[in-house]
Each structure stands twice: as structure tokens, then as C-alpha cells.
Amino acid sequence: MANVKIGDKAIDFTLIGTDGLKHSLTDYRNKFTVVVFSCNHCPYVRAWEGRMVTIQAAYADRGVQLIAVNSNDATQYPEDNFENMKLRAREKQFNFPYLRDEDQKVAESYGAQRTPEVFVFDRNSILRYHGAIDDNYDDPLAVKRHHLRDALDALSGGTKLLRPETQTVGCTIKWKNN
Amino acid sequence: MSLRGRLATGKRRIAFLYWDGCQSHEEALRRLRKVLAEERTDAEIETILVQSEDEAKRLQFAGSPTIRIDGKDIQPPTTAHYSLSCRAYHLEDGRISPLPSECMIRTALKSES
């Protein structure tokens, strides 16, 4: 269960990105911010990450900014270390910041459980959507419900968001004390 | 029960190893059963719930779900990293998925027969 609930204010953070820069959530104030807890090793993320790039490209001009955060323990899962994150960001041509949550405090404060897990905040930093990107990790052509796109369409269009929460599907976040 | 080789009865021996922290195992098992039915394969499926890191290492569990037909992994892992994690399958079209495709299961079944 996430700690940040629908209607709650975003918890600010500052993390280093694969671009070598520090990124704070407040850097993106006045945007629709999509915080995605993500990683390198998880096959669900790998199935969805192309769709993350596509969504960022499609919604950028509507004021949407996606931010991916990798909180996994890189000791147990070396594929998730910072160097490998840089490689992944380059290889997949990420068009959004990919940030390292080394001490896992951001994931902990948000109560994130899985990768990918999406939190969408409106221009006032209020949580409006939490859950999955869509309803089919296995086949992008078989998606029936485009949860994240629907949320962004509603928010950017000023209409009611019909499904503010969906079940998160993915790998568990790899905590350091496990 | 050994995870290797065919059964003495001639039935295919299929080990389905999974970890319940990964949500794709039910669909993977459904696909496996569907392919076995379509191929009219006489097989015995042993489902094995992997519950600890020690168990994952002992069983050489490369992630959930793992399917072995007569002891052979349907997509042999390229690294020896055994842990409670989700398995990444490389699909025929180049995509990565937490699920093996029916085609992959069918090919493995036929290559071992």
C-alpha cells in the first residue's frame, strides 16, 4: 500500500540522474509529473519501458514530465547499479530523467512496492493517479485499458479521472535489508 | 523428485518453478498447459514454489517462472544469477517479457522429444 494517497501532496526529493545532474521534483513544478519507480533488471519494466518513452514523447507538449526512479539494491542486483542505469538510458534513448535512489528513502517515503509503479501529480503536486501503465505488460498491441494515458488525457484536458487507482503489476522493489 | 530426465513411464517430466512475488506464474502455467494439450503431450507437471534465496540457489532458480522439460530449461539462462526474482524471457520478436511465449514452450517441447 502506497504511503502517498490520491489527493495527497507530492513528497519532494533530490536525486542524481544518469545525465550527471541533480533533479528535484520541485524542478518540475507546474507540470503534470509522472514519477515511475523503475529499474534495469525487472522484465516487467523492460516490457514497458518503450511505452514510457513513447508516452513522454506524446505528452511533452501537454506539460507532462516523466521521471523514473531506481531504488533497487544494486549489491544484490548489480544490473541496477548507476553505471548500468547510464547504459540503459543511452541504449533505450530515455527522453526523461532516470534517477538513482541509492538510500531507498524516496521509495520508502512513497511506499512504493513494485517496478514499474506510477504516481501522477497534477500541476499543484497533488496525487491524481497511482498504479500501472496499462493493462497488458506482455503485449503492447493487446492493451485494452491505457491507464496512464487515460489519466494524462483527463488531467491535461481538465476532465474527471475515471480510474484514479489501478493494481500495480511488476517486480518487487529490492530492499537492502532483505 | 529429481528435476532431470524423463520419467520411467516415458511421460515428459516438466518442472514448473515459481516465486509468488512475481505475478506472471499463473498465466505462464496456463500457457504451458495449453501447449501441452494442443501438442497432445503426455506429461507430468511438478509445480515447485521457491520460497527462499537459499532454495533459489540450490535449485538454480534463474527467476520466476522457470520451466524445465526433462531437466532442460526452455530458455537456458546466460548467467548463473540465482535469486527470488522475476524471469526475463527474450521473445521471438526481440521483446522482453516476464512470460514465455507459447511458441517458445512449443519449440522447447519439440526439440526435446
# chains A, B, ... in the order shown; residues from 1 in each chain; ligands from 1
$ interface_residues --of "chain B" --to "chain A" --cutoff "8 Å" --atoms "only C-alpha atoms" --output "number ranges by chain"
B: 21-23, 85-89, 95-99
$ residues_around --residues "A:Arg51" --least-positions-apart "5" --cutoff "9 Å" --atoms "only C-alpha atoms" --output "ChimeraX atom specification"
/A:56,133,140
$ atom_distance --atom1 "atom CA of B:Ile69" --atom2 "atom CA of B:Ala37"
15.0 Å
$ select_by_dssp --residues "stretch 22-108 of chain B" --states "alpha helix (DSSP H)" --output "list in words"
His25, Glu26, Glu27, Ala28, Leu29, Arg30, Arg31, Leu32, Arg33, Lys34, Val35, Leu36, Ala37, Glu38, Glu53, Asp54, Glu55, Ala56, Lys57, Arg58, Glu102, Cys103, Met104, Ile105, Arg106, Thr107 and Ala108 of chain B
$ write_last_selection --atoms "N, CA and C atoms" --output "PDB file, in the first residue's frame"
ATOM      1  N   HIS B  25       3.236 -16.037 -12.894  1.00  0.00           N
ATOM      2  CA  HIS B  25       3.312 -17.508 -12.904  1.00  0.00           C
ATOM      3  C   HIS B  25       1.990 -18.181 -13.278  1.00  0.00           C
ATOM      4  N   GLU B  26       0.870 -17.583 -12.878  1.00  0.00           N
ATOM      5  CA  GLU B  26      -0.408 -18.240 -13.201  1.00  0.00           C
ATOM      6  C   GLU B  26      -0.651 -18.268 -14.704  1.00  0.00           C
ATOM      7  N   GLU B  27      -0.361 -17.151 -15.356  1.00  0.00           N
ATOM      8  CA  GLU B  27      -0.532 -17.097 -16.810  1.00  0.00           C
ATOM      9  C   GLU B  27       0.474 -18.010 -17.505  1.00  0.00           C
ATOM     10  N   ALA B  28       1.684 -18.081 -16.974  1.00  0.00           N
ATOM     11  CA  ALA B  28       2.700 -18.956 -17.579  1.00  0.00           C
ATOM     12  C   ALA B  28       2.273 -20.423 -17.474  1.00  0.00           C
ATOM     13  N   LEU B  29       1.721 -20.798 -16.334  1.00  0.00           N
ATOM     14  CA  LEU B  29       1.273 -22.179 -16.154  1.00  0.00           C
ATOM     15  C   LEU B  29       0.088 -22.487 -17.076  1.00  0.00           C
ATOM     16  N   ARG B  30      -0.782 -21.492 -17.248  1.00  0.00           N
ATOM     17  CA  ARG B  30      -1.911 -21.670 -18.156  1.00  0.00           C
ATOM     18  C   ARG B  30      -1.407 -21.897 -19.583  1.00  0.00           C
ATOM     19  N   ARG B  31      -0.412 -21.113 -19.995  1.00  0.00           N
ATOM     20  CA  ARG B  31       0.158 -21.274 -21.340  1.00  0.00           C
ATOM     21  C   ARG B  31       0.810 -22.643 -21.506  1.00  0.00           C
ATOM     22  N   LEU B  32       1.533 -23.050 -20.478  1.00  0.00           N
ATOM     23  CA  LEU B  32       2.210 -24.359 -20.539  1.00  0.00           C
ATOM     24  C   LEU B  32       1.177 -25.466 -20.731  1.00  0.00           C
ATOM     25  N   ARG B  33       0.116 -25.432 -19.935  1.00  0.00           N
ATOM     26  CA  ARG B  33      -0.925 -26.466 -20.024  1.00  0.00           C
ATOM     27  C   ARG B  33      -1.612 -26.431 -21.387  1.00  0.00           C
ATOM     28  N   LYS B  34      -1.832 -25.252 -21.912  1.00  0.00           N
ATOM     29  CA  LYS B  34      -2.479 -25.097 -23.223  1.00  0.00           C
ATOM     30  C   LYS B  34      -1.618 -25.737 -24.317  1.00  0.00           C
ATOM     31  N   VAL B  35      -0.323 -25.447 -24.272  1.00  0.00           N
ATOM     32  CA  VAL B  35       0.573 -26.010 -25.300  1.00  0.00           C
ATOM     33  C   VAL B  35       0.630 -27.532 -25.181  1.00  0.00           C
ATOM     34  N   LEU B  36       0.715 -28.028 -23.956  1.00  0.00           N
ATOM     35  CA  LEU B  36       0.764 -29.487 -23.760  1.00  0.00           C
ATOM     36  C   LEU B  36      -0.507 -30.137 -24.316  1.00  0.00           C
ATOM     37  N   ALA B  37      -1.648 -29.494 -24.094  1.00  0.00           N
ATOM     38  CA  ALA B  37      -2.909 -30.043 -24.602  1.00  0.00           C
ATOM     39  C   ALA B  37      -2.935 -29.997 -26.126  1.00  0.00           C
ATOM     40  N   GLU B  38      -2.511 -28.884 -26.681  1.00  0.00           N
ATOM     41  CA  GLU B  38      -2.517 -28.746 -28.148  1.00  0.00           C
ATOM     42  C   GLU B  38      -1.564 -29.731 -28.811  1.00  0.00           C
ATOM     43  N   GLU B  53      16.020 -17.459  -0.692  1.00  0.00           N
ATOM     44  CA  GLU B  53      17.212 -17.269  -1.528  1.00  0.00           C
ATOM     45  C   GLU B  53      18.063 -18.546  -1.531  1.00  0.00           C
ATOM     46  N   ASP B  54      18.144 -19.210  -0.378  1.00  0.00           N
ATOM     47  CA  ASP B  54      18.927 -20.460  -0.307  1.00  0.00           C
ATOM     48  C   ASP B  54      18.334 -21.509  -1.237  1.00  0.00           C
ATOM     49  N   GLU B  55      17.018 -21.585  -1.215  1.00  0.00           N
ATOM     50  CA  GLU B  55      16.335 -22.550  -2.074  1.00  0.00           C
ATOM     51  C   GLU B  55      16.555 -22.193  -3.552  1.00  0.00           C
ATOM     52  N   ALA B  56      16.519 -20.885  -3.845  1.00  0.00           N
ATOM     53  CA  ALA B  56      16.741 -20.433  -5.226  1.00  0.00           C
ATOM     54  C   ALA B  56      18.118 -20.868  -5.718  1.00  0.00           C
ATOM     55  N   LYS B  57      19.104 -20.732  -4.866  1.00  0.00           N
ATOM     56  CA  LYS B  57      20.472 -21.136  -5.251  1.00  0.00           C
ATOM     57  C   LYS B  57      20.563 -22.649  -5.391  1.00  0.00           C
ATOM     58  N   ARG B  58      19.981 -23.375  -4.461  1.00  0.00           N
ATOM     59  CA  ARG B  58      20.052 -24.843  -4.505  1.00  0.00           C
ATOM     60  C   ARG B  58      19.375 -25.391  -5.763  1.00  0.00           C
ATOM     61  N   GLU B 102       3.967 -18.938 -25.991  1.00  0.00           N
ATOM     62  CA  GLU B 102       3.521 -20.307 -26.317  1.00  0.00           C
ATOM     63  C   GLU B 102       4.472 -20.921 -27.339  1.00  0.00           C
ATOM     64  N   CYS B 103       4.919 -20.123 -28.270  1.00  0.00           N
ATOM     65  CA  CYS B 103       5.829 -20.596 -29.316  1.00  0.00           C
ATOM     66  C   CYS B 103       7.129 -21.122 -28.698  1.00  0.00           C
ATOM     67  N   MET B 104       7.625 -20.395 -27.718  1.00  0.00           N
ATOM     68  CA  MET B 104       8.870 -20.782 -27.043  1.00  0.00           C
ATOM     69  C   MET B 104       8.688 -22.117 -26.319  1.00  0.00           C
ATOM     70  N   ILE B 105       7.562 -22.268 -25.642  1.00  0.00           N
ATOM     71  CA  ILE B 105       7.292 -23.512 -24.917  1.00  0.00           C
ATOM     72  C   ILE B 105       7.170 -24.667 -25.911  1.00  0.00           C
ATOM     73  N   ARG B 106       6.456 -24.408 -27.000  1.00  0.00           N
ATOM     74  CA  ARG B 106       6.236 -25.454 -28.022  1.00  0.00           C
ATOM     75  C   ARG B 106       7.557 -25.886 -28.653  1.00  0.00           C
ATOM     76  N   THR B 107       8.385 -24.910 -28.964  1.00  0.00           N
ATOM     77  CA  THR B 107       9.685 -25.222 -29.582  1.00  0.00           C
ATOM     78  C   THR B 107      10.532 -26.063 -28.632  1.00  0.00           C
ATOM     79  N   ALA B 108      10.539 -25.680 -27.365  1.00  0.00           N
ATOM     80  CA  ALA B 108      11.327 -26.436 -26.381  1.00  0.00           C
ATOM     81  C   ALA B 108      10.795 -27.850 -26.239  1.00  0.00           C
TER      82      ALA B 108
END
$ atom_distance --atom1 "atom CA of A:Asn124" --atom2 "atom CA of A:Ser24"
15.2 Å
$ residues_around --residues "stretch 36-39 of chain A" --least-positions-apart "3" --cutoff "8 Å" --atoms "only C-alpha atoms" --output "list in words"
Cys42, Val45, Leu66, Ile67, Ala68, Val69, Asn70, Ser71, Asn72, Asp80, Met85, Ala107, Ala112, Arg114, Thr115, Pro116, Glu117, Val118 and Phe119 of chain A
